[in-house]
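Listing of target.txt, compact mmCIF, C-alpha atoms
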# COMPACT_ATOMS: atom_id res chain seq x y z
CA MET A 1 132.14 113.68 80.95
CA LYS A 2 131.22 111.09 78.34
CA ALA A 3 128.30 108.84 79.35
CA LEU A 4 129.03 105.21 80.16
CA THR A 5 128.25 102.92 77.22
CA LEU A 6 126.81 99.46 77.82
CA SER A 7 126.30 96.65 75.33
CA ARG A 8 122.78 95.32 74.80
CA ASN A 9 123.82 92.08 76.51
CA GLU A 10 125.00 93.99 79.58
CA ALA A 11 121.73 95.93 79.67
CA LEU A 12 119.75 92.72 79.35
CA ARG A 13 121.54 91.07 82.28
CA ILE A 14 121.13 94.20 84.41
CA ALA A 15 117.39 94.21 83.70
CA LEU A 16 116.98 90.53 84.59
CA ALA A 17 119.04 90.83 87.77
CA ALA A 18 116.93 93.81 88.88
CA GLN A 19 113.85 91.60 88.58
CA GLY A 20 115.37 88.85 90.72
CA PHE A 21 116.54 86.42 88.05
CA GLY A 22 119.89 84.68 88.30
CA LYS A 23 119.40 83.63 91.93
CA PRO A 24 118.67 80.01 92.96
CA ARG A 25 114.97 79.29 93.17
CA LEU A 26 113.46 77.83 96.31
CA GLY A 27 112.55 74.23 97.00
CA GLY A 28 114.69 71.17 97.62
CA GLN A 29 117.96 72.05 99.35
CA ASN A 30 117.12 75.76 99.13
CA GLY A 31 114.17 75.36 101.47
CA PRO A 32 110.52 76.37 101.13
CA CYS A 33 109.23 79.84 100.35
CA ASP A 34 108.10 81.87 103.35
CA ARG A 35 106.69 85.34 104.04
CA GLY A 36 110.18 86.81 104.07
CA HIS A 37 110.97 85.55 100.57
CA LEU A 38 107.65 86.90 99.31
CA GLY A 39 108.20 90.25 101.00
CA ARG A 40 111.66 90.66 99.48
CA ALA A 41 110.38 89.72 96.03
CA MET A 42 107.57 92.27 96.36
CA LYS A 43 109.97 94.98 97.51
CA ARG A 44 112.15 94.31 94.49
CA ALA A 45 109.30 94.23 91.95
CA GLY A 46 107.20 96.98 93.58
CA LEU A 47 103.92 95.49 92.38
CA LEU A 48 102.10 92.52 90.89
CA GLN A 49 99.62 93.19 88.10
CA ILE A 50 96.14 91.72 88.55
CA ASP A 51 94.18 90.46 85.55
CA SER A 52 90.94 88.55 85.18
CA VAL A 53 92.21 86.00 82.63
CA ASN A 54 92.42 82.57 84.27
CA VAL A 55 93.31 80.24 81.40
CA LEU A 56 96.41 79.09 83.26
CA VAL A 57 96.61 80.86 86.63
CA ARG A 58 95.69 84.38 87.74
CA ALA A 59 98.30 86.89 86.61
CA HIS A 60 99.38 88.01 90.09
CA TYR A 61 100.47 84.51 91.14
CA MET A 62 102.76 83.82 88.19
CA PRO A 63 105.69 86.29 88.59
CA LEU A 64 106.53 84.92 92.03
CA PHE A 65 106.63 81.37 90.65
CA SER A 66 108.92 82.56 87.83
CA ARG A 67 111.39 84.00 90.35
CA LEU A 68 110.98 81.89 93.50
CA GLY A 69 109.87 78.54 92.13
CA PRO A 70 106.92 76.56 93.52
CA TYR A 71 105.39 78.41 96.44
CA PRO A 72 102.03 78.12 98.23
CA GLN A 73 99.56 80.48 96.54
CA SER A 74 97.94 80.83 99.96
CA LEU A 75 101.06 82.75 100.99
CA LEU A 76 100.20 85.51 98.52
CA ASP A 77 96.50 85.34 99.38
CA GLU A 78 97.30 85.91 103.04
CA ALA A 79 99.64 88.81 102.23
CA ALA A 80 97.04 90.43 99.97
CA TRP A 81 93.78 89.80 101.79
CA GLY A 82 94.52 88.10 105.11
CA LYS A 83 94.33 89.36 108.67
CA LYS A 84 98.05 90.26 108.69
CA ARG A 85 98.12 91.68 105.21
CA THR A 86 101.24 93.31 103.85
CA LEU A 87 99.82 94.27 100.43
CA PHE A 88 96.94 96.37 99.16
CA GLU A 89 95.12 96.75 95.84
CA TYR A 90 95.22 99.89 93.77
CA TRP A 91 95.79 101.21 90.26
CA ALA A 92 99.53 101.31 89.58
CA HIS A 93 100.55 99.45 86.42
CA GLU A 94 96.88 98.70 85.76
CA ALA A 95 95.13 97.01 88.71
CA SER A 96 97.91 95.87 91.03
CA LEU A 97 98.93 94.47 94.38
CA LEU A 98 101.48 96.71 96.12
CA PRO A 99 103.37 96.77 99.44
CA LEU A 100 101.44 98.66 102.11
CA ASP A 101 104.19 101.23 102.62
CA MET A 102 103.59 102.46 99.06
CA HIS A 103 100.10 103.69 99.95
CA PRO A 104 101.22 107.29 100.60
CA LEU A 105 102.98 107.41 97.22
CA LEU A 106 99.69 106.88 95.39
CA ARG A 107 97.45 109.25 97.33
CA TRP A 108 98.01 111.96 94.72
CA ARG A 109 96.39 109.61 92.20
CA MET A 110 93.47 109.09 94.57
CA GLU A 111 93.07 112.85 94.95
CA ARG A 112 93.09 113.36 91.18
CA ALA A 113 90.60 110.54 90.75
CA ALA A 114 88.28 112.16 93.29
CA ARG A 115 88.26 115.18 90.94
CA GLY A 116 87.48 112.91 87.98
CA GLN A 117 91.02 113.10 86.55
CA GLY A 118 93.07 110.18 85.25
CA ILE A 119 90.25 107.61 85.43
CA TYR A 120 87.99 105.89 82.94
CA GLY A 121 85.57 108.36 81.38
CA ARG A 122 82.50 106.44 82.48
CA LEU A 123 83.62 106.53 86.12
CA ALA A 124 84.19 110.28 85.93
CA ARG A 125 80.75 110.71 84.36
CA ILE A 126 79.06 108.71 87.14
CA SER A 127 80.75 110.91 89.76
CA ARG A 128 79.51 114.08 87.99
CA GLU A 129 76.04 113.01 86.90
CA ARG A 130 74.98 110.67 89.71
CA PRO A 131 76.57 111.95 92.92
CA GLU A 132 73.60 110.62 94.91
CA LEU A 133 74.37 107.08 93.67
CA VAL A 134 78.03 107.46 94.61
CA ALA A 135 77.08 108.73 98.07
CA SER A 136 74.60 105.87 98.55
CA ALA A 137 77.19 103.28 97.47
CA LEU A 138 79.70 104.70 99.95
CA GLU A 139 77.09 104.69 102.72
CA MET A 140 76.20 101.05 102.04
CA VAL A 141 79.87 100.04 102.12
CA ARG A 142 80.18 101.89 105.42
CA ASP A 143 77.12 100.08 106.82
CA ARG A 144 77.63 96.62 105.34
CA GLY A 145 81.21 96.22 104.21
CA PRO A 146 82.90 94.09 103.14
CA VAL A 147 80.38 93.90 100.32
CA ALA A 148 80.38 93.04 96.61
CA ALA A 149 78.95 95.20 93.85
CA SER A 150 76.61 92.36 92.89
CA GLU A 151 75.01 92.54 96.36
CA LEU A 152 74.22 96.24 95.98
CA ASP A 153 73.01 96.31 92.37
CA SER A 154 69.35 95.54 93.00
CA GLU A 155 69.12 97.64 96.15
CA LEU A 156 70.58 100.75 94.57
CA GLN A 157 68.81 100.08 91.24
CA GLY A 158 71.84 100.98 89.19
CA GLY A 159 71.02 98.62 86.38
CA ARG A 160 72.94 95.41 85.82
CA GLY A 161 75.92 95.20 83.52
CA SER A 162 76.60 92.70 80.79
CA GLY A 163 80.19 91.64 81.56
CA GLY A 164 83.63 93.24 81.31
CA TRP A 165 84.42 96.66 82.71
CA TRP A 166 82.65 98.26 79.74
CA GLY A 167 79.54 96.34 80.78
CA TRP A 168 79.71 97.30 84.45
CA SER A 169 76.47 98.37 86.10
CA GLU A 170 76.25 101.95 87.31
CA VAL A 171 76.58 100.71 90.89
CA LYS A 172 79.80 98.92 89.99
CA CYS A 173 81.04 102.10 88.29
CA ALA A 174 80.21 104.12 91.40
CA LEU A 175 82.14 101.67 93.58
CA GLU A 176 85.10 101.67 91.20
CA TYR A 177 85.12 105.47 91.22
CA LEU A 178 85.24 105.32 95.03
CA PHE A 179 87.99 102.69 94.84
CA TRP A 180 90.08 104.80 92.48
CA ALA A 181 89.51 107.84 94.70
CA GLY A 182 90.74 105.90 97.73
CA MET A 183 87.43 106.17 99.59
CA VAL A 184 86.96 102.38 99.54
CA THR A 185 89.42 99.55 99.04
CA THR A 186 89.45 95.79 98.58
CA ARG A 187 88.99 94.00 101.89
CA THR A 188 89.16 90.55 100.31
CA ARG A 189 87.98 88.71 97.22
CA ARG A 190 85.30 86.07 96.69
CA GLY A 191 86.46 84.08 93.73
CA PHE A 192 87.75 87.00 91.71
CA GLU A 193 85.05 89.46 92.83
CA ARG A 194 86.16 92.41 94.94
CA LEU A 195 84.57 92.86 98.35
CA TYR A 196 84.74 96.56 99.13
CA ASP A 197 85.28 98.09 102.54
CA LEU A 198 86.45 101.35 104.07
CA PRO A 199 90.25 101.80 104.15
CA GLU A 200 90.19 102.38 107.91
CA ARG A 201 88.67 98.92 108.41
CA ALA A 202 90.73 97.09 105.77
CA LEU A 203 94.20 98.63 106.08
CA PRO A 204 96.44 99.06 109.13
CA HIS A 205 96.07 102.44 110.83
CA ALA A 206 99.86 102.71 110.95
CA VAL A 207 99.84 102.82 107.14
CA LEU A 208 96.94 105.26 106.83
CA ASP A 209 98.64 107.54 109.37
CA LEU A 210 101.83 107.80 107.31
CA PRO A 211 102.40 111.35 106.04
CA THR A 212 101.31 112.14 102.51
CA PRO A 213 104.11 113.46 100.28
CA ASP A 214 103.39 116.20 97.77
CA GLU A 215 102.93 115.15 94.16
CA ALA A 216 106.47 115.96 93.04
CA GLU A 217 107.97 113.98 95.92
CA ALA A 218 105.66 111.02 95.26
CA HIS A 219 106.46 111.01 91.54
CA ARG A 220 110.17 111.15 92.29
CA ALA A 221 109.87 108.22 94.70
CA LEU A 222 107.84 106.16 92.22
CA LEU A 223 110.37 106.81 89.45
CA ALA A 224 113.19 105.78 91.78
CA LEU A 225 111.30 102.55 92.53
CA SER A 226 110.77 102.01 88.80
CA GLY A 227 114.49 102.51 88.21
CA ARG A 228 115.39 99.97 90.89
CA ALA A 229 112.87 97.43 89.57
CA LEU A 230 114.01 97.83 85.96
CA GLY A 231 117.73 98.24 86.58
CA ILE A 232 118.24 100.08 83.34
CA ALA A 233 115.51 101.97 81.52
CA THR A 234 114.51 104.79 79.22
CA ALA A 235 112.33 107.64 80.45
CA GLY A 236 109.37 105.91 78.81
CA ASP A 237 110.13 102.67 80.65
CA LEU A 238 110.37 104.51 83.96
CA ARG A 239 107.09 106.30 83.36
CA ASP A 240 105.24 103.16 82.25
CA TYR A 241 106.02 101.09 85.35
CA PHE A 242 103.55 103.03 87.51
CA ARG A 243 101.73 104.60 84.55
CA LEU A 244 102.80 108.17 85.29
CA ASP A 245 101.88 111.09 83.04
CA ALA A 246 104.62 112.36 80.75
CA ALA A 247 104.23 115.90 82.09
CA ASP A 248 104.90 114.68 85.64
CA VAL A 249 108.04 112.73 84.75
CA LYS A 250 110.61 114.88 82.94
CA PRO A 251 111.59 117.26 85.78
CA ARG A 252 111.60 114.43 88.32
CA ILE A 253 114.02 112.33 86.25
CA ALA A 254 116.35 115.32 86.02
CA GLU A 255 116.23 115.61 89.83
CA LEU A 256 116.99 111.90 90.26
CA VAL A 257 119.96 112.27 87.93
CA GLU A 258 121.21 115.29 89.87
CA GLU A 259 121.06 113.43 93.19
CA GLY A 260 122.76 110.36 91.67
CA THR A 261 119.89 107.87 91.95
CA LEU A 262 119.76 107.53 88.16
CA VAL A 263 122.93 107.57 86.06
CA PRO A 264 122.60 108.52 82.37
CA VAL A 265 124.16 105.84 80.14
CA GLU A 266 124.18 104.85 76.49
CA VAL A 267 123.12 101.37 75.39
CA GLU A 268 124.28 100.02 72.07
CA GLY A 269 121.38 99.88 69.64
CA TRP A 270 119.04 102.01 71.78
CA LYS A 271 117.93 105.26 70.22
CA GLN A 272 116.69 106.71 73.52
CA GLN A 273 118.68 107.96 76.48
CA ALA A 274 119.01 105.22 79.10
CA TYR A 275 119.27 105.51 82.88
CA LEU A 276 121.05 103.05 85.16
CA HIS A 277 119.90 102.81 88.75
CA ARG A 278 122.80 103.43 91.12
CA ASP A 279 122.16 100.16 92.99
CA ALA A 280 121.76 98.01 89.88
CA ARG A 281 123.74 94.79 89.82
CA ARG A 282 125.85 94.16 86.72
CA PRO A 283 126.27 90.37 86.58
CA ARG A 284 128.47 88.70 83.99
CA ARG A 285 126.05 85.81 83.63
CA ILE A 286 122.40 85.09 84.30
CA GLU A 287 121.42 81.47 84.81
CA ALA A 288 117.64 81.22 84.70
CA ALA A 289 114.87 78.98 83.41
CA ALA A 290 111.40 80.47 83.79
CA LEU A 291 108.09 80.83 82.02
CA LEU A 292 106.90 84.42 82.09
CA SER A 293 103.31 85.59 82.36
CA PRO A 294 102.15 88.06 79.68
CA PHE A 295 101.73 90.45 82.64
CA ASP A 296 105.25 89.99 83.99
CA PRO A 297 107.28 93.22 84.34
CA VAL A 298 110.01 91.73 82.16
CA VAL A 299 107.69 91.58 79.14
CA TRP A 300 104.61 93.73 79.85
CA GLU A 301 106.01 96.75 77.99
CA ARG A 302 106.34 95.18 74.54
CA ALA A 303 108.64 97.84 73.04
CA ARG A 304 111.09 97.36 75.92
CA THR A 305 110.94 93.58 75.46
CA GLU A 306 111.85 93.97 71.81
CA ARG A 307 114.59 96.48 72.62
CA LEU A 308 116.16 94.24 75.26
CA PHE A 309 115.68 90.77 73.82
CA GLY A 310 115.00 91.28 70.11
CA PHE A 311 111.76 89.42 70.88
CA ARG A 312 108.52 90.66 69.32
CA TYR A 313 105.69 89.65 71.64
CA ARG A 314 101.96 90.23 71.43
CA LEU A 315 99.13 88.80 73.52
CA GLU A 316 96.71 87.32 70.98
CA ILE A 317 93.68 86.79 73.21
CA TYR A 318 91.65 89.34 71.23
CA THR A 319 93.00 88.19 67.85
CA PRO A 320 90.61 85.93 65.86
CA ALA A 321 91.71 82.31 66.23
CA GLU A 322 92.53 81.89 62.55
CA LYS A 323 94.88 84.89 62.65
CA ARG A 324 96.86 83.94 65.75
CA LEU A 325 100.53 83.25 65.14
CA HIS A 326 101.43 81.48 68.37
CA GLY A 327 98.22 80.87 70.33
CA TYR A 328 95.67 82.25 72.78
CA TYR A 329 97.64 82.56 76.04
CA VAL A 330 101.30 82.44 75.16
CA LEU A 331 104.14 82.62 77.70
CA PRO A 332 107.72 83.44 76.72
CA PHE A 333 110.36 81.03 78.04
CA LEU A 334 113.48 82.57 79.58
CA LEU A 335 116.58 80.39 79.42
CA GLY A 336 119.85 81.86 80.62
CA ASP A 337 119.50 85.51 79.65
CA ARG A 338 117.50 84.98 76.45
CA LEU A 339 113.85 84.49 75.56
CA VAL A 340 114.24 81.30 73.56
CA ALA A 341 110.70 80.01 73.05
CA ARG A 342 107.01 80.73 73.46
CA VAL A 343 104.38 78.26 74.57
CA ASP A 344 100.57 78.38 74.52
CA LEU A 345 99.27 76.93 77.78
CA LYS A 346 95.94 76.01 79.34
CA ALA A 347 95.26 74.44 82.73
CA GLU A 348 92.35 71.99 82.77
CA ARG A 349 91.73 71.44 86.43
CA ALA A 350 88.85 69.00 85.98
CA THR A 351 91.22 66.42 84.43
CA GLY A 352 94.40 67.56 86.19
CA THR A 353 96.10 68.42 82.91
CA LEU A 354 98.45 71.17 81.80
CA HIS A 355 97.81 71.43 78.07
CA VAL A 356 100.61 72.63 75.81
CA LEU A 357 98.60 73.81 72.81
CA ALA A 358 101.62 75.04 70.85
CA ALA A 359 105.35 75.45 71.35
CA HIS A 360 107.61 77.54 69.12
CA ALA A 361 111.39 77.99 69.39
CA GLU A 362 113.17 81.23 68.59
CA PRO A 363 115.87 81.10 65.87
CA HIS A 364 118.65 81.44 68.46
CA ALA A 365 117.27 78.77 70.83
CA PRO A 366 120.02 76.39 72.03
CA PRO A 367 119.72 72.62 71.43
CA HIS A 368 118.67 71.88 75.01
CA THR A 369 115.68 74.30 74.91
CA GLY A 370 113.10 71.51 74.64
CA GLU A 371 114.55 69.61 77.59
CA ALA A 372 114.71 72.74 79.76
CA LEU A 373 111.20 73.81 78.80
CA LEU A 374 109.74 70.38 79.55
CA ALA A 375 111.33 70.45 83.01
CA GLU A 376 109.78 73.87 83.64
CA LEU A 377 106.37 72.71 82.41
CA ARG A 378 106.48 69.74 84.76
CA LEU A 379 107.46 72.02 87.64
CA MET A 380 104.57 74.35 86.80
CA ALA A 381 102.10 71.46 86.59
CA GLU A 382 103.18 70.26 90.02
CA TRP A 383 102.84 73.79 91.45
CA LEU A 384 99.32 74.07 90.02
CA GLY A 385 98.33 70.64 91.36
CA LEU A 386 98.03 69.13 87.89
CA ALA A 387 98.98 65.50 87.40
CA ARG A 388 100.22 65.54 83.82
CA VAL A 389 101.45 67.59 80.88
CA ALA A 390 99.76 66.95 77.52
CA VAL A 391 101.42 68.30 74.38
CA VAL A 392 99.61 69.06 71.13
CA GLU A 393 101.68 68.62 67.97
CA ARG A 394 101.70 72.31 67.01
CA GLY A 395 104.84 74.37 66.62
CA ASP A 396 108.41 73.39 65.80
CA LEU A 397 109.30 72.79 69.46
CA ALA A 398 106.36 70.51 70.24
CA PRO A 399 108.08 67.24 69.18
CA ALA A 400 110.88 67.86 71.68
CA LEU A 401 108.27 68.03 74.48
CA ARG A 402 106.55 64.75 73.61
CA VAL A 403 108.77 62.40 75.56
Before we go any further, please render this structure as structure tokens.
Amino acid sequence: MKALTLSRNEALRIALAAQGFGKPRLGGQNGPCDRGHLGRAMKRAGLLQIDSVNVLVRAHYMPLFSRLGPYPQSLLDEAAWGKKRTLFEYWAHEASLLPLDMHPLLRWRMERAARGQGIYGRLARISRERPELVASALEMVRDRGPVAASELDSELQGGRGSGGWWGWSEVKCALEYLFWAGMVTTRTRRGFERLYDLPERALPHAVLDLPTPDEAEAHRALLALSGRALGIATAGDLRDYFRLDAADVKPRIAELVEEGTLVPVEVEGWKQQAYLHRDARRPRRIEAAALLSPFDPVVWERARTERLFGFRYRLEIYTPAEKRLHGYYVLPFLLGDRLVARVDLKAERATGTLHVLAAHAEPHAPPHTGEALLAELRLMAEWLGLARVAVVERGDLAPALRV
């Protein structure tokens, strides 16, 4: 039987619908966001990536705003680190927040990490060369948790780091090895600093008591979740969502195809085989207006972004200022079912200002792009508790925002 062929526009709308776009955002007549809305958004996305950059807002808060509209950030804080938590931290697509019921699906990664596999080389080295430090760190978490790495540095004499994960102290590396191995977890955060504790004190026992699937079953389940979250995807897209190894993926995709969870399809212009999730919606239109974090699932895999939208996107934080094309912390702007602009943003909380440092339109941007973007910027400023939007005259779209 010949595979179903989809146009790129159909694939694009499927992908956006799978991520929750095209539905009315909350607020006004649609009512406020509550725990149920957040839970459904998390189930659909599967995870929120965590990142330390705080030029605008921490990465994990932004995707929910893009999909749900203005919501209390405390709602996510409570779900992630509160007394009735529904999320936990672990390595999925980089450091991530995930629904608690996904914990069993990642225990294989914890077991591999405990053997020094699939983790940063320095963490593996600490576990091999300084097992006494690792054991002492675990004992101190057991005795004093929740506790921060900075509180244990001097006591365990691991040597202080100099910033960034590559500058972590040896105590911090020992704790992160234990975190990756599932022997400790994040109980809460102080600022952005993890406070480590034992899983049995931080996570519900009902979750820890869930049966552990074998690796093949877990990989199959994670790929199925990737397929649902992406809607339509290549094998590489499916693998990237939870950062699975290529060797673990190929036979599992074949099994998901055989059982009907993934349906092989062709997409016009795509060189790779595509897979459509059996539950994927296929809307005729997507009406959306949203700024997307650089760590949003819609754009975090840059090759997929280019394949879907024809939009070449790079985060230029580590590019020298004089070589940046669009700015330091640039967010794509989704309008309808197209990425029509990119805007460099910075939140200055001391003065209550959302700074628009540059704004560039894409060649296909419709005439009302500036108006729609300004409305979204004002909505974001209000959500962040900022009183005004200030626009710098940089980029061809900036004049349209200075009204």
Original post:
Nearest to A:Ala18 among A:Leu64, A:Leu225, A:Val53, A:Ala365, with distances taken over all atoms listed in the file: which residue is it?
Top reply: A:Leu225
Original post:
Any idea what's packed within 7 Å of A:Leu276, counting only C-alpha atoms, ignoring anything in its chain fewer than 6 positions away? Could you give it as a PyMOL selection string?
Top reply: chain A and resi 231-233+262-265
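Atom CA of A:Arg307 is positioned 10.9 Å from atom CA of A:Asn9.
Comparing A:Phe311, A:Tyr90, A:Trp168, A:Tyr196 by their smallest distance to A:Ile126, the closest is A:Trp168 (using only C-alpha atoms).
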Subject >> Exercise: A:Tyr120 partners within 10 Å, all atoms listed in the file, chain neighbours under 2 positions left out, as a ChimeraX atom specification >> reply: /A:113,116-118,122-125,165-166,173,176-177,180
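In this structure, atom CA of A:Glu217 sits 11.2 Å away from atom CA of A:Val249.
Across the model, the gap from atom CA of A:Leu223 to atom CA of A:Asp240 is 9.6 Å.
Proximity ranking of A:Leu106, A:Val134, A:Ala361, A:Leu291 relative to A:Ala216 places A:Leu106 first, based on only C-alpha atoms.
In terms of minimum interatomic distance to A:Leu6, A:Ala274 ranks closest within A:Leu47, A:Ala274, A:Ala246, A:Leu195, counting all atoms listed in the file.
With only C-alpha atoms as the atoms that count, the residue of A:Ala398, A:Ala229, A:Leu210, A:Ala79 with the shortest distance to A:Met102 is A:Leu210.
Residue neighbourhood of A:Thr5, excluding near-sequence residues (fewer than 4 positions): Val265, Glu266, Val267 and Glu268 of chain A, at 8 Å, using all atoms listed in the file.
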Determine, using only C-alpha atoms, which residues of stretch 25-73 of chain A have any atom at most 9 Å from an atom of stretch 329-347 of chain A, and tabulate each with its shortest atom pair and distance in Å to one decimal place, rows ordered by chain and then rising number, as a tab-separated table.
residue	atom	partner	partner_atom	distance
A:Asn54	CA	A:Ala347	CA	8.7
A:Val55	CA	A:Lys346	CA	5.4
A:Leu56	CA	A:Ala347	CA	4.8
A:Val57	CA	A:Ala347	CA	7.6
For the residues in that selection, give me C-alpha atoms as a PDB file, in the coordinates of the input.
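Listing of selection-v5.pdb after writing:
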ATOM      1  CA  ASN A  54      92.420  82.570  84.270  1.00  0.00           C
ATOM      2  CA  VAL A  55      93.310  80.240  81.400  1.00  0.00           C
ATOM      3  CA  LEU A  56      96.410  79.090  83.260  1.00  0.00           C
ATOM      4  CA  VAL A  57      96.610  80.860  86.630  1.00  0.00           C
TER       5      VAL A  57
END
Each residue of stretch 50-98 of chain A with at least one atom at most 9 Å from stretch 374-389 of chain A should appear once, together with its nearest atom pair and the corresponding distance in Å (one decimal); atoms considered: all atoms listed in the file; ordering: chain, then increasing residue number; output as JSON lines.
{"residue": "A:Leu56", "atom": "CA", "partner": "A:Leu384", "partner_atom": "CA", "distance": 8.9}
{"residue": "A:Val57", "atom": "CA", "partner": "A:Leu384", "partner_atom": "CA", "distance": 8.1}
{"residue": "A:Phe65", "atom": "CA", "partner": "A:Met380", "partner_atom": "CA", "distance": 8.3}
{"residue": "A:Gly69", "atom": "CA", "partner": "A:Leu379", "partner_atom": "CA", "distance": 8.3}
{"residue": "A:Pro70", "atom": "CA", "partner": "A:Trp383", "partner_atom": "CA", "distance": 5.3}
{"residue": "A:Tyr71", "atom": "CA", "partner": "A:Trp383", "partner_atom": "CA", "distance": 7.3}
{"residue": "A:Pro72", "atom": "CA", "partner": "A:Trp383", "partner_atom": "CA", "distance": 8.1}
**OP:** Extract, using all atoms listed in the file, all DNA, RNA and protein residues at most 12 Å from A:Gly39, discarding same-chain residues fewer than 4 positions from it, and format them as a ChimeraX atom specification.
**Re:** /A:33-35,43-47,64,68,75-76,78-80,85-87,98-101
Grab the residues selected above and save them as a compact mmCIF listing (two decimals), in the coordinates of the input with C-alpha atoms.
# COMPACT_ATOMS: atom_id res chain seq x y z
CA CYS A 33 109.23 79.84 100.35
CA ASP A 34 108.10 81.87 103.35
CA ARG A 35 106.69 85.34 104.04
CA LYS A 43 109.97 94.98 97.51
CA ARG A 44 112.15 94.31 94.49
CA ALA A 45 109.30 94.23 91.95
CA GLY A 46 107.20 96.98 93.58
CA LEU A 47 103.92 95.49 92.38
CA LEU A 64 106.53 84.92 92.03
CA LEU A 68 110.98 81.89 93.50
CA LEU A 75 101.06 82.75 100.99
CA LEU A 76 100.20 85.51 98.52
CA GLU A 78 97.30 85.91 103.04
CA ALA A 79 99.64 88.81 102.23
CA ALA A 80 97.04 90.43 99.97
CA ARG A 85 98.12 91.68 105.21
CA THR A 86 101.24 93.31 103.85
CA LEU A 87 99.82 94.27 100.43
CA LEU A 98 101.48 96.71 96.12
CA PRO A 99 103.37 96.77 99.44
CA LEU A 100 101.44 98.66 102.11
CA ASP A 101 104.19 101.23 102.62
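With distances taken from (83.8, 88.3, 97.8) and restricted to all atoms listed in the file, the residues inside 12 Å are Trp81, Gly145, Pro146, Val147, Ala148, Ala149, Ser150, Glu151, Thr186, Arg187, Thr188, Arg189, Arg190, Gly191, Phe192, Glu193, Arg194, Leu195, Tyr196 and Asp197 of chain A.
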Dump C-alpha atoms for the selected residues as a PDB file, keeping the file's coordinate frame?
ATOM      1  CA  TRP A  81      93.780  89.800 101.790  1.00  0.00           C
ATOM      2  CA  GLY A 145      81.210  96.220 104.210  1.00  0.00           C
ATOM      3  CA  PRO A 146      82.900  94.090 103.140  1.00  0.00           C
ATOM      4  CA  VAL A 147      80.380  93.900 100.320  1.00  0.00           C
ATOM      5  CA  ALA A 148      80.380  93.040  96.610  1.00  0.00           C
ATOM      6  CA  ALA A 149      78.950  95.200  93.850  1.00  0.00           C
ATOM      7  CA  SER A 150      76.610  92.360  92.890  1.00  0.00           C
ATOM      8  CA  GLU A 151      75.010  92.540  96.360  1.00  0.00           C
ATOM      9  CA  THR A 186      89.450  95.790  98.580  1.00  0.00           C
ATOM     10  CA  ARG A 187      88.990  94.000 101.890  1.00  0.00           C
ATOM     11  CA  THR A 188      89.160  90.550 100.310  1.00  0.00           C
ATOM     12  CA  ARG A 189      87.980  88.710  97.220  1.00  0.00           C
ATOM     13  CA  ARG A 190      85.300  86.070  96.690  1.00  0.00           C
ATOM     14  CA  GLY A 191      86.460  84.080  93.730  1.00  0.00           C
ATOM     15  CA  PHE A 192      87.750  87.000  91.710  1.00  0.00           C
ATOM     16  CA  GLU A 193      85.050  89.460  92.830  1.00  0.00           C
ATOM     17  CA  ARG A 194      86.160  92.410  94.940  1.00  0.00           C
ATOM     18  CA  LEU A 195      84.570  92.860  98.350  1.00  0.00           C
ATOM     19  CA  TYR A 196      84.740  96.560  99.130  1.00  0.00           C
ATOM     20  CA  ASP A 197      85.280  98.090 102.540  1.00  0.00           C
TER      21      ASP A 197
END
**OP:** Give as a ChimeraX atom specification every residue, naming chains and numbers as the document does, that has an atom within 10 Å of (108.4, 66.5, 73.4), counting only C-alpha atoms.
**Re:** /A:359,370-371,373-374,390-393,397-403
